[in-house]
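Worksheet: one structure, shown below.
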There are 2 protein chains.
Amino acid sequence: MRDVAQRAGVSVSTVSHVVNNTRAVSADARVQVQQAMAALGYKPNALARSLRRQKTHSIGMIVPDNANPFFAEIARAIEDIGFARSYSIILCNSDGNLEKQAAYVDLLIERRVAGILFVAAGVSTEVVADLQRRRMPLVVIDRAVPGAAVDMVQTNHYQGGQLATQHLIELGHRRIACIAAGSDLSPSAERMTGYRDTLAAHGLAYDPDLVAPGDFQFASGYRAAQQLLDLPQPPTAVFACNDLMAVGCISAATARGLRVPQDLAVVGFDDVKLASFTNPPLTTVAQPKREIGRLAMEMLLARMRDPDAPPRSERLDTRLVVRQSCGG
Amino acid sequence: MRDVAQRAGVSVSTVSHVVNNTRAVSADARVQVQQAMAALGYKPNALARSLRRQKTHSIGMIVPDNANPFFAEIARAIEDIGFARSYSIILCNSDGNLEKQAAYVDLLIERRVAGILFVAAGVSTEVVADLQRRRMPLVVIDRAVPGAAVDMVQTNHYQGGQLATQHLIELGHRRIACIAAGSDLSPSAERMTGYRDTLAAHGLAYDPDLVAPGDFQFASGYRAAQQLLDLPQPPTAVFACNDLMAVGCISAATARGLRVPQDLAVVGFDDVKLASFTNPPLTTVAQPKREIGRLAMEMLLARMRDPDAPPRSERLDTRLVVRQSCGG
DNA sequence: GTGAAAGCGCTAACAC
DNA sequence: GTGTTAGCGCTTTCAC
């Protein structure tokens, strides 16, 4: 900047004012400055600016794994909004590891980020409390943080479970199984509850034999389907708590010579890319991934503007994507 | 830091020295400082440090789209190494748009990143030249930048094309089709060349009828397969230039009552997650995505250490992942 | 409409 | 082993 000022024959503060368009400067001086900037390839130093202004245009995004398509989509939406508002995103993968997460939180604090977008890696009550003590703008995504009054946005898993079950019931199914996953994680539990409540609402008994355990992976869906189909009275439809298990379920059924959807209807959850390409294409409950990212970012920006607003918690509804794995 | 110094009863420089472990400090003072830091929740200001030291620990990563699984994996590997070396990654999506890319490059320069990892969005000769003029450490990934002597790492697409074709030939196939994609992009063209050369090396004639156009999408693979199977003498095997088209091809074959692999063998390229879950699971040529990211990051770190080393260009070999879509 | 000067929080060179 | 000081490149207040 000094160089520019010298070459343009004006003061440093004048250069600053044309760079930031911050007060009236004679047309003459402005042109001089701009030419000098171009000639020297000058780019202002954002570090110095941030130090002086005591605010950065960086925001930290902590996710378990950006290669997981679910988080990849969310990250994408976040980056989009960030770019539009000229915030840049620092990518942090926690691998669901609390220490790694803590290390990244420290790093983000030291970098003086303007805010943090946060998918918790396990029980993160303490980190969040610490962040709040520091008045760091923060939005929690996807997984709740117990005992924290904090901005958050997540999917309405319960409504998604309802949607899937409702669809199967409307198609005439009465024996509807569920491939569940680790009930300690809230999303899966909520999907299950949506399933049970919808069964009940339609006068269908809940049969524990029709609930098979899974772990969100393909293989567990395959195994669960085998177990279900071995039942004396096998189900005619399956609600799998995610797409990977649904695809595993279809594979198992096909391997036994069953036709999907004629002999077994299958509905998934998530709507990952894969779902369009299976045979038959998978009917599934879509999580609003882009919308989650977009909203989280908007909420963070709002929080930065008004640090004292009451915490906001949003639940985004899912949408049923009807393809061919349930017929209909 | 002043606060810490005051509370600990030492000078600011002493605090700095315990924070950075930079010179001998009495055990006493060290304890005082650490206690004060903990009590005050002090975290050093990385902005100030970077400004003073004239070097940051940020690196910029520009990719077309982090939600594309290929780049997601690469990004993941980059982040991993970065974390281990305490560099943080600024995530930039160009959407293949030169203006967006230029905007991000400017942003990264202003942020004074220590280096840039770069998947070019189209012909980026100028940006790269500008970056080099500024002596910005830079590694180009995946797509070559014409006319630039610069560090780069990419897949050996040619060798991948060979691998796929070779595999099919060894399985006894003689009429081997290819689903290609836009020959203007170099990777696809190189895969094709690998295919042709391998055919020739085995005394098999190249038949233009057996090459069907695609655009990397599922639907184009489906269409291409239909076209191929309508031929008077249809192929017995297909090499699709990516997995999505391979899966489309399998769908089309299945829809006609053909069995894969008995009636038609199909091999893909990329080895995306999806490939494990198709029916039958897809035999495919795996790109070393993690390895690309890892190597790119290592090369960037090396370049930062030695700005004047001659540019290095690496081609990483692919690997054939045999599943079930080719039999064998 | 312009310029001079202080200071953001840190580090490094230099004295003691 | 410790403290003092100058200065990284910017913004902002103040004086003109």
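In the structure tokens, chains take letters A, B, ... by order of appearance, with residues numbered from 1 within each chain and ligands from 1 in the order shown.
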
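Taking only C-alpha atoms (C1' of nucleotides), the non-local environment of Arg135 of chain B within 12 Å (same-chain residues fewer than 5 positions away omitted) comprises Ile109, Arg112, Val113, Ala114, Gly115, Ile116, Val128, Ala129, Asp130, Val150, Arg303, Met304, Asp306, Pro307 and Asp308 of chain B.
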
Would you save the residues from that selection as a PDB file, in the first residue's frame, using C-alpha atoms?
```pdb
ATOM      1  CA  ILE B 109      -4.089 -13.774  -2.507  1.00  0.00           C
ATOM      2  CA  ARG B 112      -2.060 -14.323   1.888  1.00  0.00           C
ATOM      3  CA  VAL B 113      -2.468 -18.085   1.784  1.00  0.00           C
ATOM      4  CA  ALA B 114       0.744 -20.063   1.901  1.00  0.00           C
ATOM      5  CA  GLY B 115      -0.192 -21.919  -1.276  1.00  0.00           C
ATOM      6  CA  ILE B 116      -2.933 -22.980  -3.624  1.00  0.00           C
ATOM      7  CA  VAL B 128      -1.634 -19.609 -13.361  1.00  0.00           C
ATOM      8  CA  ALA B 129       0.858 -17.269 -15.001  1.00  0.00           C
ATOM      9  CA  ASP B 130      -0.247 -14.482 -12.686  1.00  0.00           C
ATOM     10  CA  VAL B 150       3.967 -25.877 -12.959  1.00  0.00           C
ATOM     11  CA  ARG B 303       7.202 -26.160  -3.129  1.00  0.00           C
ATOM     12  CA  MET B 304       6.695 -23.844  -0.185  1.00  0.00           C
ATOM     13  CA  ASP B 306      11.841 -24.631  -2.004  1.00  0.00           C
ATOM     14  CA  PRO B 307      10.264 -22.094  -4.363  1.00  0.00           C
ATOM     15  CA  ASP B 308      12.969 -22.495  -6.959  1.00  0.00           C
TER      16      ASP B 308
END
```

Checklist entry - Excluding same-chain residues fewer than 5 positions from segment 260-268 of chain A, what lies within 6 Å of it counting only C-alpha atoms (C1' of nucleotides), as a PyMOL selection string? => result chain A and resi 236-240+242-243+246+283-284+325-327

Dump of N, CA and C atoms for the selected residues, as an mmCIF file, in the first residue's frame:
```
data_model
loop_
_atom_site.group_PDB
_atom_site.id
_atom_site.type_symbol
_atom_site.label_atom_id
_atom_site.label_comp_id
_atom_site.auth_asym_id
_atom_site.auth_seq_id
_atom_site.Cartn_x
_atom_site.Cartn_y
_atom_site.Cartn_z
ATOM 1 N N THR A 236 -44.263 -57.580 3.546
ATOM 2 C CA THR A 236 -44.424 -57.299 2.114
ATOM 3 C C THR A 236 -43.768 -55.969 1.760
ATOM 4 N N ALA A 237 -43.343 -55.259 2.799
ATOM 5 C CA ALA A 237 -42.708 -53.966 2.558
ATOM 6 C C ALA A 237 -41.687 -53.689 3.638
ATOM 7 N N VAL A 238 -40.666 -52.918 3.270
ATOM 8 C CA VAL A 238 -39.609 -52.580 4.223
ATOM 9 C C VAL A 238 -39.314 -51.086 4.169
ATOM 10 N N PHE A 239 -39.251 -50.499 5.337
ATOM 11 C CA PHE A 239 -38.758 -49.127 5.449
ATOM 12 C C PHE A 239 -37.345 -49.204 6.020
ATOM 13 N N ALA A 240 -36.370 -48.876 5.201
ATOM 14 C CA ALA A 240 -34.979 -48.892 5.670
ATOM 15 C C ALA A 240 -34.597 -47.480 6.088
ATOM 16 N N ASN A 242 -31.929 -45.888 6.042
ATOM 17 C CA ASN A 242 -31.172 -45.068 5.092
ATOM 18 C C ASN A 242 -31.058 -45.778 3.743
ATOM 19 N N ASP A 243 -30.560 -45.065 2.767
ATOM 20 C CA ASP A 243 -30.557 -45.590 1.404
ATOM 21 C C ASP A 243 -29.619 -46.777 1.237
ATOM 22 N N ALA A 246 -31.261 -49.749 2.353
ATOM 23 C CA ALA A 246 -32.362 -50.067 1.441
ATOM 24 C C ALA A 246 -31.828 -50.802 0.218
ATOM 25 N N THR A 283 -37.325 -45.615 -4.283
ATOM 26 C CA THR A 283 -38.224 -44.636 -3.670
ATOM 27 C C THR A 283 -37.685 -44.324 -2.285
ATOM 28 N N THR A 284 -37.594 -43.055 -1.967
ATOM 29 C CA THR A 284 -36.915 -42.709 -0.714
ATOM 30 C C THR A 284 -37.387 -41.376 -0.154
ATOM 31 N N SER A 325 -39.192 -48.506 -6.485
ATOM 32 C CA SER A 325 -38.980 -49.650 -5.600
ATOM 33 C C SER A 325 -40.191 -49.987 -4.724
ATOM 34 N N CYS A 326 -41.265 -49.197 -4.874
ATOM 35 C CA CYS A 326 -42.480 -49.516 -4.127
ATOM 36 C C CYS A 326 -43.646 -49.734 -5.075
ATOM 37 N N GLY A 327 -43.373 -49.712 -6.379
ATOM 38 C CA GLY A 327 -44.484 -49.748 -7.311
ATOM 39 C C GLY A 327 -45.213 -48.429 -7.217
#
```

Checklist outcome for this item: Using only C-alpha atoms (C1' of nucleotides), the shortest atom-to-atom distance to chain D among A:Leu171, A:Val12, A:Val211, A:Ala39 belongs to A:Val12

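The coordinates place atom CA of Asn93 of chain A at 25.1 Å from atom CA of Thr155 of chain B.
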
Item to check | Which of segment 192-311 of chain A DSSP labels helix (DSSP H, G or I), written as a PyMOL selection string | outcome: chain A and resi 192-201+208-210+218-229+243-255+273-276+289-305

Could you turn the residues from that selection into a file that holds C-alpha atoms, as a compact mmCIF listing (two decimals), in the first residue's frame?
```
# COMPACT_ATOMS: atom_id res chain seq x y z
CA MET A 192 -38.44 -45.22 13.95
CA THR A 193 -40.88 -43.32 16.10
CA GLY A 194 -42.45 -41.84 12.99
CA TYR A 195 -42.81 -45.39 11.69
CA ARG A 196 -44.41 -46.73 14.87
CA ASP A 197 -46.79 -43.81 15.31
CA THR A 198 -47.97 -44.02 11.73
CA LEU A 199 -48.56 -47.74 12.05
CA ALA A 200 -50.62 -47.06 15.17
CA ALA A 201 -52.50 -44.21 13.55
CA PRO A 208 -40.97 -56.22 17.17
CA ASP A 209 -40.11 -59.15 14.92
CA LEU A 210 -40.47 -56.81 11.99
CA PHE A 218 -25.01 -51.79 2.77
CA ALA A 219 -24.07 -55.13 4.27
CA SER A 220 -26.23 -54.64 7.33
CA GLY A 221 -29.23 -53.93 5.10
CA TYR A 222 -28.54 -57.14 3.25
CA ARG A 223 -28.37 -59.16 6.45
CA ALA A 224 -31.42 -57.51 7.94
CA ALA A 225 -33.43 -58.31 4.84
CA GLN A 226 -32.41 -61.95 5.02
CA GLN A 227 -33.53 -62.11 8.62
CA LEU A 228 -36.84 -60.47 7.77
CA LEU A 229 -37.51 -62.70 4.79
CA ASP A 243 -30.56 -45.59 1.40
CA LEU A 244 -27.51 -47.80 1.71
CA MET A 245 -29.40 -50.31 3.81
CA ALA A 246 -32.36 -50.07 1.44
CA VAL A 247 -30.12 -50.99 -1.46
CA GLY A 248 -28.67 -53.86 0.55
CA CYS A 249 -32.21 -54.99 1.22
CA ILE A 250 -33.08 -54.93 -2.47
CA SER A 251 -29.98 -56.96 -3.23
CA ALA A 252 -30.91 -59.60 -0.69
CA ALA A 253 -34.44 -59.82 -2.03
CA THR A 254 -33.26 -60.08 -5.62
CA ALA A 255 -30.76 -62.76 -4.64
CA LYS A 273 -27.26 -39.90 -5.65
CA LEU A 274 -27.02 -43.67 -5.69
CA ALA A 275 -30.78 -43.96 -5.18
CA SER A 276 -31.48 -42.95 -8.77
CA LYS A 289 -29.44 -31.21 2.41
CA ARG A 290 -28.90 -28.05 0.41
CA GLU A 291 -31.62 -26.33 2.35
CA ILE A 292 -30.02 -27.32 5.64
CA GLY A 293 -26.73 -25.79 4.58
CA ARG A 294 -28.36 -22.68 3.22
CA LEU A 295 -30.46 -22.09 6.30
CA ALA A 296 -27.58 -22.79 8.69
CA MET A 297 -25.47 -20.22 6.93
CA GLU A 298 -28.26 -17.65 6.92
CA MET A 299 -28.80 -18.23 10.61
CA LEU A 300 -25.12 -17.79 11.30
CA LEU A 301 -25.05 -14.52 9.43
CA ALA A 302 -28.09 -13.38 11.39
CA ARG A 303 -26.45 -14.39 14.66
CA MET A 304 -23.38 -12.39 13.74
CA ARG A 305 -25.54 -9.36 13.18
```
